[in-house]
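Asks: Let me give you the structure first, and then I'll get to my questions.
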2 protein chains.
Amino acid sequence: MKDESKPILLAHGGGGRLTAELVDRMILPKFRNDTLSKLTDAAQLELESTSVSFTTDSFVVQPLEFPGGDIGKLAVCGTVNDLVVSGTRPVALSLGLIIEEGFDQNRLDTILASAAEAARQANVSIVAGDTKVVEKGAADGLFINTSGIGVRMKGANVGFDRIKPGDGILINGTLGDHGMTIMSLRKGIQFDSPIQSDCAVLSDLIGRLVDRLGEQIHFMRDPTRGGLAATLNEIVTATGLDLLIEETALPIQPTVQAAADMLGFDLLNIANEGKVVAVVAPDAVDRAMKIFRDHSLGRQAACVGRVNPRTEGAPNGLVEMVTRIGGRRIVQMPYGRDLPRIC
Amino acid sequence: MKDESKPILLAHGGGGRLTAELVDRMILPKFRNDTLSKLTDAAQLELESTSVSFTTDSFVVQPLEFPGGDIGKLAVCGTVNDLVVSGTRPVALSLGLIIEEGFDQNRLDTILASAAEAARQANVSIVAGDTKVVEKGAADGLFINTSGIGVRMKGANVGFDRIKPGDGILINGTLGDHGMTIMSLRKGIQFDSPIQSDCAVLSDLIGRLVDRLGEQIHFMRDPTRGGLAATLNEIVTATGLDLLIEETALPIQPTVQAAADMLGFDLLNIANEGKVVAVVAPDAVDRAMKIFRDHSLGRQAACVGRVNPRTEGAPNGLVEMVTRIGGRRIVQMPYGRDLPRIC
C-alpha cells in the first residue's frame with residue numbers, strides 16, 4: 001500500500017476515531033514501548049535519580065528532507081543533544097506533531113521512522129506524543145516539537161561557572177555542515193562532492209568523554225542556531241572571560257566553505273546538528289582529543305582555542321580570533337537574520 | 001511603548017542577538033525562576049521522587065484569543081491538567097513557541113502574560129523554552145507546545161486497570177463550553193448571555209479530591225478533544241467494561257446547548273478545557289460530589305452514570321446513554337472531523 005498517496009485529513013487531528021487510527025497504525029508500532037502504549041494522559045516513568053534535566057525544542061526546518069537526515073531525525077537529535085551536553089543521560093522524549101492538512105501519509109511515515117531510528121541510536125524512548133492537524137495553508141507541511149528528560153551522567157559536572165582561564169576549547173568536527181546543506185538545497189545549488197548535514201546523536205561520544213574525563217570536562221554546548229560564534233559569545237556573556245580561537249585550527253570541509261563563500265555566509269555563524277563544543281581542563285585536552293578522534297563522530301575533532309582571563313578594565317569579555325594571516329578580529333554574536341528555518 | 005505595534009521578525013528566531021533580546025525582554029521577566037534564568041541547554045531540577053510523569057501537547061487554537069482565555073492560558077492549563085488527571089503534581093513546564101513573521105509583539109506579550117498567570121495558579125514553573133519564527137504564511141499566527149513533568153501525588157492510584165463495575169462516573173461541571181465558545185466565535189454567532197471557555201487549571205480541585213479520597217478515585221481524564229464521548233469510549237476500549245450514562249444528568253448550560261443546536265453539534269463530542277471525568281468507588285461518590293461542589297470549579301458537578309460489568313458474549317464494551325425520553329442510544333467515539341483547531 002506504500003505506493004498509494006493518502007493525505008492527512010483535518011479529522012486526523014480531531015481527537016476522535018481517525019486520530020486513534022493514525023496513532024495505532026503509524027505512531028505506536030514505530031516507537032513501541034510499554035509506557036507509550038498505555039496512552040495515558042501522562043507517561044509514568046521510574047527514574048534512577050531525583051536530579052533531572054528537562055529541555056524542549058521545536059523544529060521548523062525547510063525542506064523537511066535533506067542529505068543526511070530529515071525533520072524527524074533532526075527533532076530527536078536536537079533534543080537528545082541538548083540533554084547530553086548538559087551532562088545528562090536522556091531517558092524519555094515526547095513528540096508533538098503539527099501537520100498541515102493534505103500532508104502525504106507515506107511521507108509522514110518515513111519521517112516518523114527516522115525519528116524512531118535516531119531514538120534507538122540514542123537509547124531513549126519516546127513515551128509521550130500529541131498530534132494536531134491544521135487546515136491547508138495554516139502550517140508549512142510539518143512542525144515537530146520534542147521535549148526530553150534525563151538524569152545526570154555519573155561524574156558529570158558541567159556549567160558556565162566551571163569554565164576557567166587556561167581551559168581548551170574543543171569541537172568534535174567540521175563547522176557548518178548542517179546549515180550549509182539546508183541553504184544550498186534551498187538555493188538550488190549543487191556541488192561535485194555533495195555536502196550533507198552532520199545531524200547525529202551525540203550520546204555515545206559524550207558518554208565516553210564524561211565517563212573517562214569526568215569533572216575535567218568543564219562545559220559543553222551544541223553549536224546549533226547561531227553556530228560556533230553564538231556558543232562562544234554565550235560563554236563570554238555568562239562568564240566575563242575572554243576567548244581566543246585560531247582560524248587555522250577550525251575544521252572545515254572545503255565544499256562547505258565553497259558553499260558559504262558562494263552564498264555569502266560566515267561558517268562561524270552556521271548551525272551544526274552533530275557537534276559539541278567542549279571546554280576542557282588544560283591537562284585533559286590531549287586525552288579529550290583522543291577520545292573524540294577514536295570515535296566515528298569525532299574523526300576531525302580540533303582544539304580551536306582557549307579561555308583567557310578577563311581583560312583588565314574591559315566591561316565585557318570578548319571572543320577574538322587569530323586570522324589566517326595573523327591578525328585578530330572580534331567574533332560577534334550573530335544577529336540572527338541569516339538562516340531562518342535551519343532547524 | 002505598549003501602543004507601538006512592533007512585528008516579530010524572522011531574526012527573532014535565528015538564535016542570535018535578536019533572539020536573546022526577545023527572550024531577555026519578553027520571556028524571562030514573566031516566567032522568572034532560577035532554573036529558567038540560567039538559560040542552559042536543559043533545565044536542572046531536583047525532584048522529590050523518582051516516580052515521574054511526563055506529557056506533551058501542542059496548541060493550534062484559532063482564534064488565539066477567546067472569551068475565557070487565550071492560547072497562552074490554554075497551553076498551560078492543557079498540560080497541567082494532563083498531569084493532574086494522572087494523579088501527578090505538576091513541577092515544571094516547557095514552552096515552545098512557533099511564531100509567524102509579522103506577529104504583533106504586544107499581542108505575544110499579552111499571551112505570554114496569561115500563560116505565566118496560569119502557571120502561577122497551578123503553582124508550576126516554566127523552566128525551559130524555545131522560540132522559532134517562520135516566514136509570513138508558513139504558520140497561522142502562533143502555535144505553542146507545552147510539555148510538563150510532575151511527581152506522583154501522595155495517595156493517588158489511578159489507571160484504567162482500577163476501574164470496576166459499580167463505580168460512579170463524575171464530571172465537575174458543564175459540557176462543551178470551550179468548544180462551543182470557539183466555534184461560535186469562528187462562525188460569528190453572538191448570544192444574549194455570552195458563553196465563555198471553561199479553560200482552567202484543575203490542580204487545586206484534583207489535589208483536594210486525591211488528598212481526601214485517595215485510592216477511592218480509580219481513574220481521571222480531562223475530556224478535551226472529542227469531549228466526554230471520546231473519554232468514555234477510551235475507558236471502554238481499555239477496560240472492556242460497559243458504561244451507562246443518563247442524558248438528564250449531564251450538566252449543560254442552556255446557551256451552550258442553543259449554540260450546539262444551531263451549529264449542529266452534539267455536546268458529548270465537544271472539547272472541554274477545565275473539566276475532569278472522575279471514575280470513583282461507589283461508596284465515595286457522595287463525598288467526591290461534595291468536594292467538587294464546594295470548589296469554585298465544581299459548582300455544577302454531576303454524577304452522570306456508572307460502570308457496568310462486561311455484557312456476556314459482546315466482543316467489546318459499549319457506552320450507552322439513557323435518553324431524556326427513556327430510550328437508550330449508543331454513544332460512539334467521535335470521528336474527529338467536527339472541530340478542527342479547538343485547542
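Chain identifiers are assigned as A, B, and so on, following the order in which chains appear in the C-alpha cells; residues are numbered from 1 within each chain, and ligands are numbered from 1 in order of appearance.
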What are the residues of chain A lining chain B at 6 Å or less? Count only C-alpha atoms, and put the answer as a short mmCIF file (atom, residue, chain, number, x, y, z; two decimals) with N, CA, C and O atoms, in the first residue's frame.
Replies:
```cif
data_model
loop_
_atom_site.label_atom_id
_atom_site.label_comp_id
_atom_site.auth_asym_id
_atom_site.auth_seq_id
_atom_site.Cartn_x
_atom_site.Cartn_y
_atom_site.Cartn_z
N ALA A 11 -9.51 15.67 10.24
CA ALA A 11 -10.07 14.77 11.26
C ALA A 11 -9.00 13.92 11.94
O ALA A 11 -9.20 13.42 13.05
N GLY A 14 -8.48 15.48 15.17
CA GLY A 14 -9.68 15.86 15.91
C GLY A 14 -9.86 15.18 17.26
O GLY A 14 -10.79 15.47 17.99
N GLY A 15 -8.97 14.24 17.57
CA GLY A 15 -9.08 13.56 18.86
C GLY A 15 -10.09 12.44 18.86
O GLY A 15 -10.40 11.87 19.90
N GLY A 16 -10.61 12.08 17.69
CA GLY A 16 -11.62 11.03 17.63
C GLY A 16 -11.08 9.76 17.02
O GLY A 16 -9.92 9.40 17.22
N ARG A 17 -11.96 9.06 16.26
CA ARG A 17 -11.60 7.75 15.74
C ARG A 17 -10.42 7.81 14.80
O ARG A 17 -9.55 6.95 14.81
N LEU A 18 -10.39 8.84 13.95
CA LEU A 18 -9.33 8.92 12.96
C LEU A 18 -7.98 9.23 13.62
O LEU A 18 -6.94 8.75 13.18
N ASP A 41 -2.82 10.03 29.89
CA ASP A 41 -2.65 11.46 29.66
C ASP A 41 -1.20 11.89 29.88
O ASP A 41 -0.73 12.84 29.27
N ALA A 42 -0.52 11.19 30.78
CA ALA A 42 0.89 11.48 31.01
C ALA A 42 1.61 10.15 31.18
O ALA A 42 1.08 9.22 31.78
N ALA A 43 2.81 10.08 30.62
CA ALA A 43 3.59 8.85 30.73
C ALA A 43 4.16 8.72 32.14
O ALA A 43 4.61 9.71 32.72
N GLN A 44 4.13 7.54 32.68
CA GLN A 44 4.67 7.30 34.02
C GLN A 44 6.07 6.70 33.89
O GLN A 44 6.23 5.68 33.23
N LEU A 45 7.04 7.31 34.55
CA LEU A 45 8.41 6.84 34.44
C LEU A 45 9.00 6.63 35.82
O LEU A 45 8.69 7.37 36.75
N GLU A 46 9.84 5.64 35.92
CA GLU A 46 10.57 5.44 37.17
C GLU A 46 12.03 5.75 36.88
O GLU A 46 12.69 5.03 36.13
N LEU A 47 12.53 6.85 37.43
CA LEU A 47 13.89 7.29 37.12
C LEU A 47 14.90 6.73 38.13
O LEU A 47 14.52 6.27 39.20
N SER A 49 17.21 8.58 39.47
CA SER A 49 17.69 9.67 40.32
C SER A 49 16.62 10.75 40.39
O SER A 49 15.74 10.84 39.53
N THR A 50 16.70 11.58 41.42
CA THR A 50 15.79 12.72 41.51
C THR A 50 16.38 13.98 40.86
O THR A 50 15.71 15.00 40.79
N SER A 51 17.64 13.88 40.41
CA SER A 51 18.25 15.01 39.69
C SER A 51 17.93 14.86 38.22
O SER A 51 18.48 13.99 37.54
N VAL A 52 17.06 15.73 37.74
CA VAL A 52 16.50 15.54 36.41
C VAL A 52 16.78 16.76 35.55
O VAL A 52 16.77 17.89 36.04
N SER A 53 17.05 16.53 34.27
CA SER A 53 17.14 17.62 33.30
C SER A 53 15.94 17.58 32.39
O SER A 53 15.40 16.51 32.10
N PHE A 54 15.56 18.74 31.91
CA PHE A 54 14.32 18.88 31.13
C PHE A 54 14.58 19.92 30.06
O PHE A 54 15.09 21.00 30.34
N THR A 55 14.25 19.59 28.81
CA THR A 55 14.51 20.54 27.73
C THR A 55 13.45 20.42 26.65
O THR A 55 12.75 19.42 26.57
N ASP A 57 12.43 21.71 22.34
CA ASP A 57 12.85 22.31 21.09
C ASP A 57 11.78 22.08 20.03
O ASP A 57 11.25 20.98 19.94
N ASP A 82 20.78 18.35 23.35
CA ASP A 82 20.63 19.36 24.41
C ASP A 82 20.77 18.71 25.79
O ASP A 82 21.29 19.32 26.73
N LEU A 83 20.28 17.49 25.91
CA LEU A 83 20.41 16.80 27.19
C LEU A 83 21.84 16.36 27.44
O LEU A 83 22.40 16.61 28.51
N ALA A 128 5.71 9.96 25.10
CA ALA A 128 4.52 10.81 25.09
C ALA A 128 4.44 11.50 23.74
O ALA A 128 5.46 11.81 23.13
N ASP A 130 1.69 13.86 20.78
CA ASP A 130 0.48 14.64 20.52
C ASP A 130 0.45 14.94 19.03
O ASP A 130 1.48 15.22 18.43
N ALA A 138 -2.26 26.71 6.75
CA ALA A 138 -2.07 27.22 8.11
C ALA A 138 -0.76 26.76 8.74
O ALA A 138 -0.40 27.20 9.83
N ALA A 139 -0.05 25.87 8.08
CA ALA A 139 1.30 25.49 8.51
C ALA A 139 2.05 25.05 7.27
O ALA A 139 1.44 24.81 6.22
N ASP A 140 3.37 24.97 7.37
CA ASP A 140 4.17 24.65 6.20
C ASP A 140 4.56 23.17 6.23
O ASP A 140 5.70 22.83 6.51
N ARG A 225 21.69 26.71 16.21
CA ARG A 225 21.39 28.04 15.64
C ARG A 225 22.41 29.06 16.11
O ARG A 225 22.70 29.14 17.29
N GLY A 226 22.93 29.85 15.20
CA GLY A 226 23.93 30.86 15.56
C GLY A 226 25.35 30.31 15.52
O GLY A 226 26.31 31.08 15.60
N PRO A 334 26.07 36.52 16.32
CA PRO A 334 25.33 36.78 15.08
C PRO A 334 24.00 37.46 15.37
O PRO A 334 23.40 37.25 16.43
N TYR A 335 23.56 38.25 14.43
CA TYR A 335 22.32 39.00 14.62
C TYR A 335 21.10 38.08 14.56
O TYR A 335 20.11 38.30 15.23
N GLY A 336 21.21 37.04 13.72
CA GLY A 336 20.14 36.05 13.70
C GLY A 336 19.31 36.04 12.45
O GLY A 336 18.40 35.24 12.29
N ARG A 337 19.66 36.91 11.53
CA ARG A 337 18.81 37.09 10.35
C ARG A 337 19.17 36.11 9.23
O ARG A 337 18.38 35.86 8.34
N PRO A 340 16.89 31.59 8.53
CA PRO A 340 15.63 31.15 9.09
C PRO A 340 15.38 29.67 8.79
O PRO A 340 15.82 29.15 7.77
#
```
Asks: Mind checking which residues fall within 10 Å of Pro282 of chain B, counting only C-alpha atoms, ignoring those fewer than 6 positions away in the same chain, and posting them as a list in words?
Replies: Lys164, Pro165, Gly166, Asp167, Gly168, Ile169, Gln216, Ile217, Arg306 and Val307 of chain B
Asks: Check the DSSP output for the backbone and give back, as a list in words, the residues of segment 126-161 of chain A in strand (DSSP E).
Replies: Ile126, Val127, Ala128, Gly129, Asp130, Thr131, Lys132, Val133, Val134, Leu142, Phe143, Ile144, Asn145, Thr146, Ser147, Gly148, Ile149, Gly150, Val151 and Arg152 of chain A
Asks: List every residue of segment 35-74 of chain B that DSSP, applied to the backbone, labels as alpha helix (DSSP H), and write the result as a list of chain:residue names.
Replies: B:Thr35, B:Leu36, B:Ser37, B:Ile71, B:Gly72, B:Lys73, B:Leu74
Asks: Could you give me, as JSON, numbers by chain, the residues within 10 Å of Arg212 of chain A, counting only C-alpha atoms and dropping anything in the same chain fewer than 6 positions from it?
Replies: {"A": [155, 206, 287, 288, 291]}
Asks: Could those selected residues go to a file with N, CA and C atoms, as a tab-separated table (two decimals), in the first residue's frame?
Replies:
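That gives us again-v2.tsv:
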```
chain	number	residue	atom	x	y	z
A	155	GLY	N	29.50	11.32	37.25
A	155	GLY	CA	30.78	12.01	37.07
A	155	GLY	C	30.69	13.34	36.36
A	206	ILE	N	29.65	11.69	23.85
A	206	ILE	CA	29.74	12.48	25.08
A	206	ILE	C	29.73	11.58	26.31
A	287	ARG	N	43.83	14.11	26.07
A	287	ARG	CA	43.01	12.91	26.22
A	287	ARG	C	41.62	13.10	25.60
A	288	ALA	N	41.06	14.30	25.77
A	288	ALA	CA	39.74	14.56	25.17
A	288	ALA	C	39.83	14.46	23.65
A	291	ILE	N	39.89	10.83	22.67
A	291	ILE	CA	38.55	10.22	22.79
A	291	ILE	C	37.67	10.64	21.60
```
Asks: Just how far from atom CA of Ser125 of chain B is atom CA of Ser296 of chain B, in Å to one decimal?
Replies: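 We find that atom CA of Ser296 of chain B and atom CA of Ser125 of chain B lie 23.5 Å from each other.
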Asks: Please provide as a list in words all residues within 8 Å of Thr239 of chain B, with the sequence filter that same-chain residues fewer than 2 positions apart are discarded (counting only C-alpha atoms).
Replies: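 Using only C-alpha atoms, the neighbours found are Phe160, Asp161, Ile163, Ile235, Val236, Thr237, Leu241 and Gly317 of chain B.
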Asks: How about saving the chosen residues, C-alpha atoms kept, as a tab-separated table (two decimals), in the first residue's frame?
Replies:
```tsv
chain	number	residue	atom	x	y	z
B	160	PHE	CA	-7.68	2.08	33.53
B	161	ASP	CA	-6.94	-1.14	35.45
B	163	ILE	CA	-11.94	0.91	37.04
B	235	ILE	CA	-12.37	3.78	29.02
B	236	VAL	CA	-14.49	1.15	27.31
B	237	THR	CA	-11.74	0.28	24.84
B	241	LEU	CA	-16.48	-2.80	30.57
B	317	GLY	CA	-17.65	-2.81	25.81
```
